[in-house]
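Source file: upload03.pdb; contents: PDB, C-alpha atoms.
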```
ATOM      1  CA  MET A   1     -12.665  20.396 -16.354
ATOM      2  CA  SER A   2     -15.347  17.800 -17.039
ATOM      3  CA  GLN A   3     -15.960  14.675 -14.962
ATOM      4  CA  THR A   4     -14.745  12.475 -17.840
ATOM      5  CA  ASP A   5     -11.275  13.993 -17.440
ATOM      6  CA  VAL A   6     -11.026  12.655 -13.881
ATOM      7  CA  LEU A   7     -10.379   9.016 -12.966
ATOM      8  CA  VAL A   8     -10.762   7.870  -9.358
ATOM      9  CA  LEU A   9      -9.909   4.286  -8.401
ATOM     10  CA  ARG A  10     -10.695   2.826  -4.989
ATOM     11  CA  PRO A  11      -9.701  -0.572  -3.549
ATOM     12  CA  ALA A  12     -11.609  -3.478  -5.093
ATOM     13  CA  ALA A  13     -13.849  -5.830  -3.111
ATOM     14  CA  GLY A  14     -11.525  -8.872  -3.358
ATOM     15  CA  PRO A  15      -8.403  -7.160  -1.985
ATOM     16  CA  ARG A  16     -10.523  -5.442   0.688
ATOM     17  CA  ARG A  17     -11.691  -8.888   1.868
ATOM     18  CA  VAL A  18      -8.067 -10.081   2.041
ATOM     19  CA  VAL A  19      -7.136  -7.101   4.242
ATOM     20  CA  LEU A  20     -10.188  -7.688   6.450
ATOM     21  CA  ARG A  21      -9.372 -11.430   6.799
ATOM     22  CA  PHE A  22      -5.763 -10.587   7.729
ATOM     23  CA  THR A  23      -7.047  -8.112  10.317
ATOM     24  CA  ALA A  24      -9.508 -10.651  11.767
ATOM     25  CA  VAL A  25      -6.903 -13.424  12.036
ATOM     26  CA  THR A  26      -4.348 -11.082  13.600
ATOM     27  CA  ALA A  27      -6.953  -9.714  16.013
ATOM     28  CA  ALA A  28      -7.920 -13.251  17.065
ATOM     29  CA  ALA A  29      -4.245 -14.076  17.661
ATOM     30  CA  PHE A  30      -3.859 -10.977  19.854
ATOM     31  CA  ILE A  31      -6.940 -11.844  21.909
ATOM     32  CA  VAL A  32      -5.823 -15.469  22.350
ATOM     33  CA  GLY A  33      -2.360 -14.221  23.302
ATOM     34  CA  GLY A  34      -3.864 -11.876  25.877
ATOM     35  CA  VAL A  35      -5.987 -14.654  27.384
ATOM     36  CA  VAL A  36      -3.080 -17.129  27.434
ATOM     37  CA  ALA A  37      -0.743 -14.565  29.007
ATOM     38  CA  GLY A  38      -3.258 -14.188  31.808
ATOM     39  CA  GLY A  39      -4.100 -11.184  33.869
ATOM     40  CA  ARG A  40      -6.143  -8.108  33.256
ATOM     41  CA  ALA A  41      -3.191  -6.080  31.914
ATOM     42  CA  ALA A  42      -2.431  -8.620  29.173
ATOM     43  CA  LEU A  43      -6.063  -8.798  28.109
ATOM     44  CA  ILE A  44      -6.459  -5.001  28.074
ATOM     45  CA  THR A  45      -3.219  -4.680  26.097
ATOM     46  CA  SER A  46      -4.337  -7.233  23.514
ATOM     47  CA  ILE A  47      -7.731  -5.527  23.154
ATOM     48  CA  GLY A  48      -5.978  -2.170  22.746
ATOM     49  CA  LEU A  49      -3.754  -3.612  20.023
ATOM     50  CA  VAL A  50      -6.781  -5.098  18.256
ATOM     51  CA  VAL A  51      -8.530  -1.713  18.307
ATOM     52  CA  LEU A  52      -5.368  -0.001  17.000
ATOM     53  CA  LEU A  53      -4.981  -2.569  14.211
ATOM     54  CA  ALA A  54      -8.670  -2.448  13.221
ATOM     55  CA  ALA A  55      -8.680   1.357  13.173
ATOM     56  CA  SER A  56      -5.486   1.442  11.070
ATOM     57  CA  MET A  57      -6.894  -1.000   8.511
ATOM     58  CA  ALA A  58     -10.223   0.865   8.343
ATOM     59  CA  VAL A  59      -8.402   4.148   7.673
ATOM     60  CA  TYR A  60      -6.116   2.395   5.167
ATOM     61  CA  LEU A  61      -9.045   1.042   3.151
ATOM     62  CA  SER A  62     -11.070   4.246   3.309
ATOM     63  CA  ARG A  63      -8.199   6.591   2.348
ATOM     64  CA  SER A  64      -6.489   4.488  -0.338
ATOM     65  CA  ARG A  65      -7.167   5.667  -3.875
ATOM     66  CA  ILE A  66      -5.599   6.640  -7.176
ATOM     67  CA  VAL A  67      -6.761   9.884  -8.775
ATOM     68  CA  VAL A  68      -5.881  11.157 -12.245
ATOM     69  CA  THR A  69      -6.914  14.661 -13.272
ATOM     70  CA  PRO A  70      -5.756  16.716 -16.277
ATOM     71  CA  ALA A  71      -3.229  18.402 -13.974
ATOM     72  CA  GLU A  72      -1.934  15.616 -11.736
ATOM     73  CA  ILE A  73      -1.644  11.943 -10.894
ATOM     74  CA  SER A  74      -1.910  11.035  -7.226
ATOM     75  CA  ALA A  75      -1.801   7.904  -5.094
ATOM     76  CA  ARG A  76      -2.929   7.855  -1.470
ATOM     77  CA  GLY A  77      -2.432   5.213   1.191
ATOM     78  CA  LEU A  78      -2.437   4.976   4.962
ATOM     79  CA  THR A  79       0.616   7.143   5.609
ATOM     80  CA  PHE A  80       1.302   8.867   2.296
ATOM     81  CA  HIS A  81      -0.231  11.014  -0.431
ATOM     82  CA  ARG A  82       2.004  11.284  -3.493
ATOM     83  CA  ARG A  83       1.055  13.859  -6.110
ATOM     84  CA  ARG A  84       2.855  14.396  -9.410
ATOM     85  CA  ASP A  85       2.391  16.810 -12.286
ATOM     86  CA  ARG A  86       0.726  14.858 -15.092
ATOM     87  CA  ARG A  87       2.478  16.931 -17.772
ATOM     88  CA  LEU A  88       5.801  15.381 -16.698
ATOM     89  CA  ALA A  89       4.572  11.823 -17.358
ATOM     90  CA  ALA A  90       6.068  10.354 -20.544
ATOM     91  CA  SER A  91       5.583   6.571 -20.252
ATOM     92  CA  VAL A  92       4.350   3.763 -18.014
ATOM     93  CA  LEU A  93       6.152   0.673 -16.773
ATOM     94  CA  ARG A  94       3.854  -2.251 -15.862
ATOM     95  CA  ALA A  95       5.289  -5.137 -13.898
ATOM     96  CA  THR A  96       3.719  -8.231 -12.379
ATOM     97  CA  VAL A  97       5.366  -8.460  -8.977
ATOM     98  CA  VAL A  98       5.597 -11.690  -6.996
ATOM     99  CA  GLN A  99       5.620 -11.022  -3.261
ATOM    100  CA  PRO A 100       5.497 -13.464  -0.358
ATOM    101  CA  GLY A 101       1.971 -14.884  -0.482
ATOM    102  CA  ALA A 102       0.705 -12.652  -3.293
ATOM    103  CA  VAL A 103       1.083 -11.570  -6.890
ATOM    104  CA  SER A 104       0.154  -8.012  -7.784
ATOM    105  CA  GLU A 105       0.819  -5.446 -10.420
ATOM    106  CA  THR A 106       3.010  -2.394  -9.966
ATOM    107  CA  ILE A 107       2.605   0.586 -12.245
ATOM    108  CA  VAL A 108       5.415   3.108 -12.474
ATOM    109  CA  VAL A 109       4.845   6.432 -14.215
ATOM    110  CA  LEU A 110       8.104   7.612 -15.808
ATOM    111  CA  ASP A 111       9.223  11.056 -16.931
ATOM    112  CA  ALA A 112      10.944  11.883 -20.233
ATOM    113  CA  GLY A 113      14.324  10.906 -18.731
ATOM    114  CA  GLN A 114      12.901   7.483 -17.736
ATOM    115  CA  ARG A 115      13.046   8.369 -14.036
ATOM    116  CA  ALA A 116      10.184   7.254 -11.815
ATOM    117  CA  LEU A 117       7.674   9.995 -11.076
ATOM    118  CA  LEU A 118       5.210   7.812  -9.206
ATOM    119  CA  SER A 119       5.134   4.144  -8.278
ATOM    120  CA  ILE A 120       1.713   2.597  -7.662
ATOM    121  CA  ASN A 121       1.271  -0.742  -5.898
ATOM    122  CA  GLY A 122      -1.784  -2.290  -7.533
ATOM    123  CA  ALA A 123      -2.401  -4.914  -4.822
ATOM    124  CA  LEU A 124      -5.602  -3.208  -3.621
ATOM    125  CA  TYR A 125      -7.043  -2.607  -7.082
ATOM    126  CA  ALA A 126      -8.853  -4.809  -9.602
ATOM    127  CA  GLN A 127      -6.986  -5.706 -12.788
ATOM    128  CA  ALA A 128      -9.708  -3.985 -14.842
ATOM    129  CA  ASP A 129      -9.203  -0.780 -12.834
ATOM    130  CA  LEU A 130      -5.448  -0.871 -13.431
ATOM    131  CA  ASP A 131      -6.125  -1.376 -17.154
ATOM    132  CA  ARG A 132      -8.452   1.663 -17.040
ATOM    133  CA  LEU A 133      -5.703   3.679 -15.313
ATOM    134  CA  VAL A 134      -3.099   2.865 -17.952
ATOM    135  CA  HIS A 135      -5.587   3.495 -20.766
ATOM    136  CA  HIS A 136      -6.666   6.802 -19.194
ATOM    137  CA  LEU A 137      -3.046   7.977 -18.969
ATOM    138  CA  GLY A 138      -2.608   7.258 -22.682
ATOM    139  CA  LEU A 139       1.168   6.843 -22.446
ATOM    140  CA  PRO A 140       3.546   4.329 -24.055
ATOM    141  CA  ILE A 141       3.772   1.128 -21.985
ATOM    142  CA  GLY A 142       6.820  -1.007 -21.225
ATOM    143  CA  GLY A 143       8.057  -3.349 -18.546
ATOM    144  CA  PRO A 144       9.559  -6.754 -17.817
ATOM    145  CA  SER A 145       8.329  -9.606 -20.006
ATOM    146  CA  GLY A 146       7.520 -11.867 -17.059
ATOM    147  CA  PRO A 147       6.853 -11.765 -13.326
ATOM    148  CA  VAL A 148       9.579 -10.271 -11.127
ATOM    149  CA  THR A 149      10.123  -9.888  -7.415
ATOM    150  CA  MET A 150      10.108  -6.425  -5.901
ATOM    151  CA  ALA A 151      13.838  -6.805  -5.247
ATOM    152  CA  GLN A 152      14.455  -7.599  -8.952
ATOM    153  CA  LEU A 153      12.387  -4.611 -10.026
ATOM    154  CA  GLY A 154      14.346  -2.508  -7.532
ATOM    155  CA  ARG A 155      17.648  -3.632  -9.056
ATOM    156  CA  GLU A 156      16.409  -2.730 -12.552
ATOM    157  CA  ARG A 157      14.736   0.540 -11.524
ATOM    158  CA  PRO A 158      16.010   1.631  -8.073
ATOM    159  CA  ASP A 159      14.011   4.866  -8.188
ATOM    160  CA  ALA A 160      10.734   2.969  -8.717
ATOM    161  CA  VAL A 161      10.862   0.794  -5.598
ATOM    162  CA  SER A 162      10.911   1.975  -1.990
ATOM    163  CA  TRP A 163      13.343   0.663   0.606
ATOM    164  CA  ALA A 164      10.535  -1.514   1.988
ATOM    165  CA  GLY A 165       9.955  -3.011  -1.461
ATOM    166  CA  ARG A 166      13.628  -3.770  -2.000
ATOM    167  CA  HIS A 167      13.827  -5.480   1.417
ATOM    168  CA  PRO A 168      10.759  -7.757   1.571
ATOM    169  CA  ILE A 169      12.064  -9.721   4.561
ATOM    170  CA  ALA A 170      13.584  -6.904   6.643
ATOM    171  CA  PHE A 171      10.598  -4.554   6.365
ATOM    172  CA  PRO A 172       7.971  -6.926   7.857
ATOM    173  CA  LEU A 173      10.438  -7.941  10.564
ATOM    174  CA  LEU A 174      11.033  -4.288  11.484
ATOM    175  CA  CYS A 175       7.264  -3.692  11.513
ATOM    176  CA  ALA A 176       6.746  -6.706  13.776
ATOM    177  CA  LEU A 177       9.540  -5.507  16.056
ATOM    178  CA  GLY A 178       7.981  -2.048  16.239
ATOM    179  CA  PHE A 179       4.576  -3.526  17.000
ATOM    180  CA  ALA A 180       6.132  -5.737  19.702
ATOM    181  CA  VAL A 181       7.778  -2.698  21.312
ATOM    182  CA  ILE A 182       4.414  -0.877  21.295
ATOM    183  CA  ALA A 183       2.781  -3.943  22.882
ATOM    184  CA  VAL A 184       5.407  -4.170  25.621
ATOM    185  CA  VAL A 185       5.243  -0.443  26.406
ATOM    186  CA  LEU A 186       1.435  -0.453  26.365
ATOM    187  CA  GLY A 187       1.324  -3.611  28.496
ATOM    188  CA  THR A 188       3.765  -2.161  31.016
ATOM    189  CA  LEU A 189       1.766   1.063  31.288
ATOM    190  CA  ILE A 190      -1.517  -0.793  31.721
ATOM    191  CA  ALA A 191       0.024  -3.146  34.302
ATOM    192  CA  ALA A 192       1.387  -0.164  36.241
ATOM    193  CA  LEU A 193      -1.966   1.643  36.127
ATOM    194  CA  THR A 194      -4.102  -1.376  37.066
ATOM    195  CA  GLY A 195      -1.784  -2.552  39.810
TER     196      GLY A 195
END
```

If you convert what's in this file into structure tokens, what do you get?
Amino acid sequence: MSQTDVLVLRPAAGPRRVVLRFTAVTAAAFIVGGVVAGGRAALITSIGLVVLLAASMAVYLSRSRIVVTPAEISARGLTFHRRRDRRLAASVLRATVVQPGAVSETIVVLDAGQRALLSINGALYAQADLDRLVHHLGLPIGGPSGPVTMAQLGRERPDAVSWAGRHPIAFPLLCALGFAVIAVVLGTLIAALTG
């Protein structure tokens, strides 16, 4: 296998800056919240949450990539690594997806039965890189004629959109709730340990 048969895409500089800005603003809010709450336990908890958030985003940006080889197509993120046999790929669906606060492209690789093999969120990647990906795959391209929401794409192609994508309000709320529970548990433990 020659190097020209392999395509590796990593997050682009612009989307990386957006993730880093989000992390910085959230970290500042945690620190301010810890100071306003008062006490050593609140400050230690907020610093711990900032470290956890910063480490998660650093791992997210360093691990995220799309790789296409002659044998497989894979997409990797913070908590997943999806790998599919490239020989099963028959076509590509490209959709411009409007999400709260952002517009990005989603690429769905379909099999011969038009079932989703792999769904790739293009939010971290440059448009030129996504064009290179589709060109490199060399498959017929289809998709909605205009921008759609993730929920609309999920109604049209339920197998191409995750539960989180089909529920753009519930998923962030559940994440925030989970993070709040972690903060309360961590704060309680630190308060108990520091007296």

Show me, as a PyMOL selection string, the residues that have an atom within 10 Å of A:Ala183 when counting all atoms listed in the file, minus same-chain residues fewer than 3 positions from it.
chain A and resi 42+45-46+48-49+177-180+186-189

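Taken over the shown file, the PyMOL selection byres ((chain A and resi 143) around 7) identifies Leu93, Arg94, Ala95, Gly142, Pro144 and Ser145 of chain A.
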
What does the distance from atom CA of A:Arg83 to atom CA of A:Ile120 come to in Å, to one decimal?
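Atom-to-atom, atom CA of A:Arg83 and atom CA of A:Ile120 are spaced 11.4 Å apart.
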
Set out as a tab-separated table a contact list for stretch 110-176 of chain A and stretch 18-39 of chain A with a cut-off of 12 Å, giving each residue of stretch 110-176 of chain A that qualifies its closest atom pair and distance in Å to one decimal, counting all atoms listed in the file, ordered by chain and rising residue number.
```
residue	atom	partner	partner_atom	distance
A:Ala123	CA	A:Val18	CA	10.3
A:Leu124	CA	A:Val19	CA	8.9
A:Tyr125	CA	A:Val18	CA	11.8
A:Ala176	CA	A:Thr26	CA	11.9
```

Determine the residue membership of the PyMOL selection byres ((chain A and resi 65) around 6) for the file above and supply it as a PDB file with C-alpha atoms, in the coordinates of the input.
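Here's the written file result_18.pdb:
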```pdb
ATOM      1  CA  LEU A   9      -9.909   4.286  -8.401  1.00  0.00           C
ATOM      2  CA  ARG A  10     -10.695   2.826  -4.989  1.00  0.00           C
ATOM      3  CA  SER A  64      -6.489   4.488  -0.338  1.00  0.00           C
ATOM      4  CA  ILE A  66      -5.599   6.640  -7.176  1.00  0.00           C
ATOM      5  CA  ALA A  75      -1.801   7.904  -5.094  1.00  0.00           C
ATOM      6  CA  ARG A  76      -2.929   7.855  -1.470  1.00  0.00           C
TER       7      ARG A  76
END
```

Nearest residue to A:Ala13 out of A:Gln127, A:Ser56, A:Ser162, A:Thr106, using only C-alpha atoms?
A:Gln127

Could you tell me which residues the PyMOL selection byres ((chain A and resi 152) around 12) returns for this structure, as a list in words?
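So the PyMOL selection byres ((chain A and resi 152) around 12), applied here, picks out Ala95, Thr96, Val97, Val98, Gln99, Pro144, Gly146, Pro147, Val148, Thr149, Met150, Ala151, Leu153, Gly154, Arg155, Glu156, Arg157, Pro158, Ala160, Val161, Gly165, Arg166, His167 and Pro168 of chain A.
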
Can you tell me how far atom CA of A:Arg84 sits from atom CA of A:Val134, in Å to one decimal?
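Separation of atom CA of A:Arg84 and atom CA of A:Val134: 15.5 Å.
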
Identify which of the residues A:Ala191, A:Val184, A:Leu118, A:Ile141 lies closest to A:Ile73, counting all atoms listed in the file when measuring atom-to-atom distances.
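Closest candidate: A:Leu118.
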
Could you check which of A:Ala170, A:Val8, A:Leu61, A:Leu43 is closest to A:His136, using only C-alpha atoms?
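Ranking A:Ala170, A:Val8, A:Leu61, A:Leu43 by distance to A:His136, first place goes to A:Val8.
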
Report as an NGL selection string all protein, DNA and RNA residues lying within 6 Å of A:Val68, evaluated on all atoms listed in the file, omitting residues in the same chain fewer than 4 positions from it.
:A and (6-7 or 72-73)

Between atom CA of A:His135 and atom CA of A:Ala58, what distance in Å does the model show, to one decimal?
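Result for atom CA of A:His135 versus atom CA of A:Ala58: 29.6 Å, one decimal.
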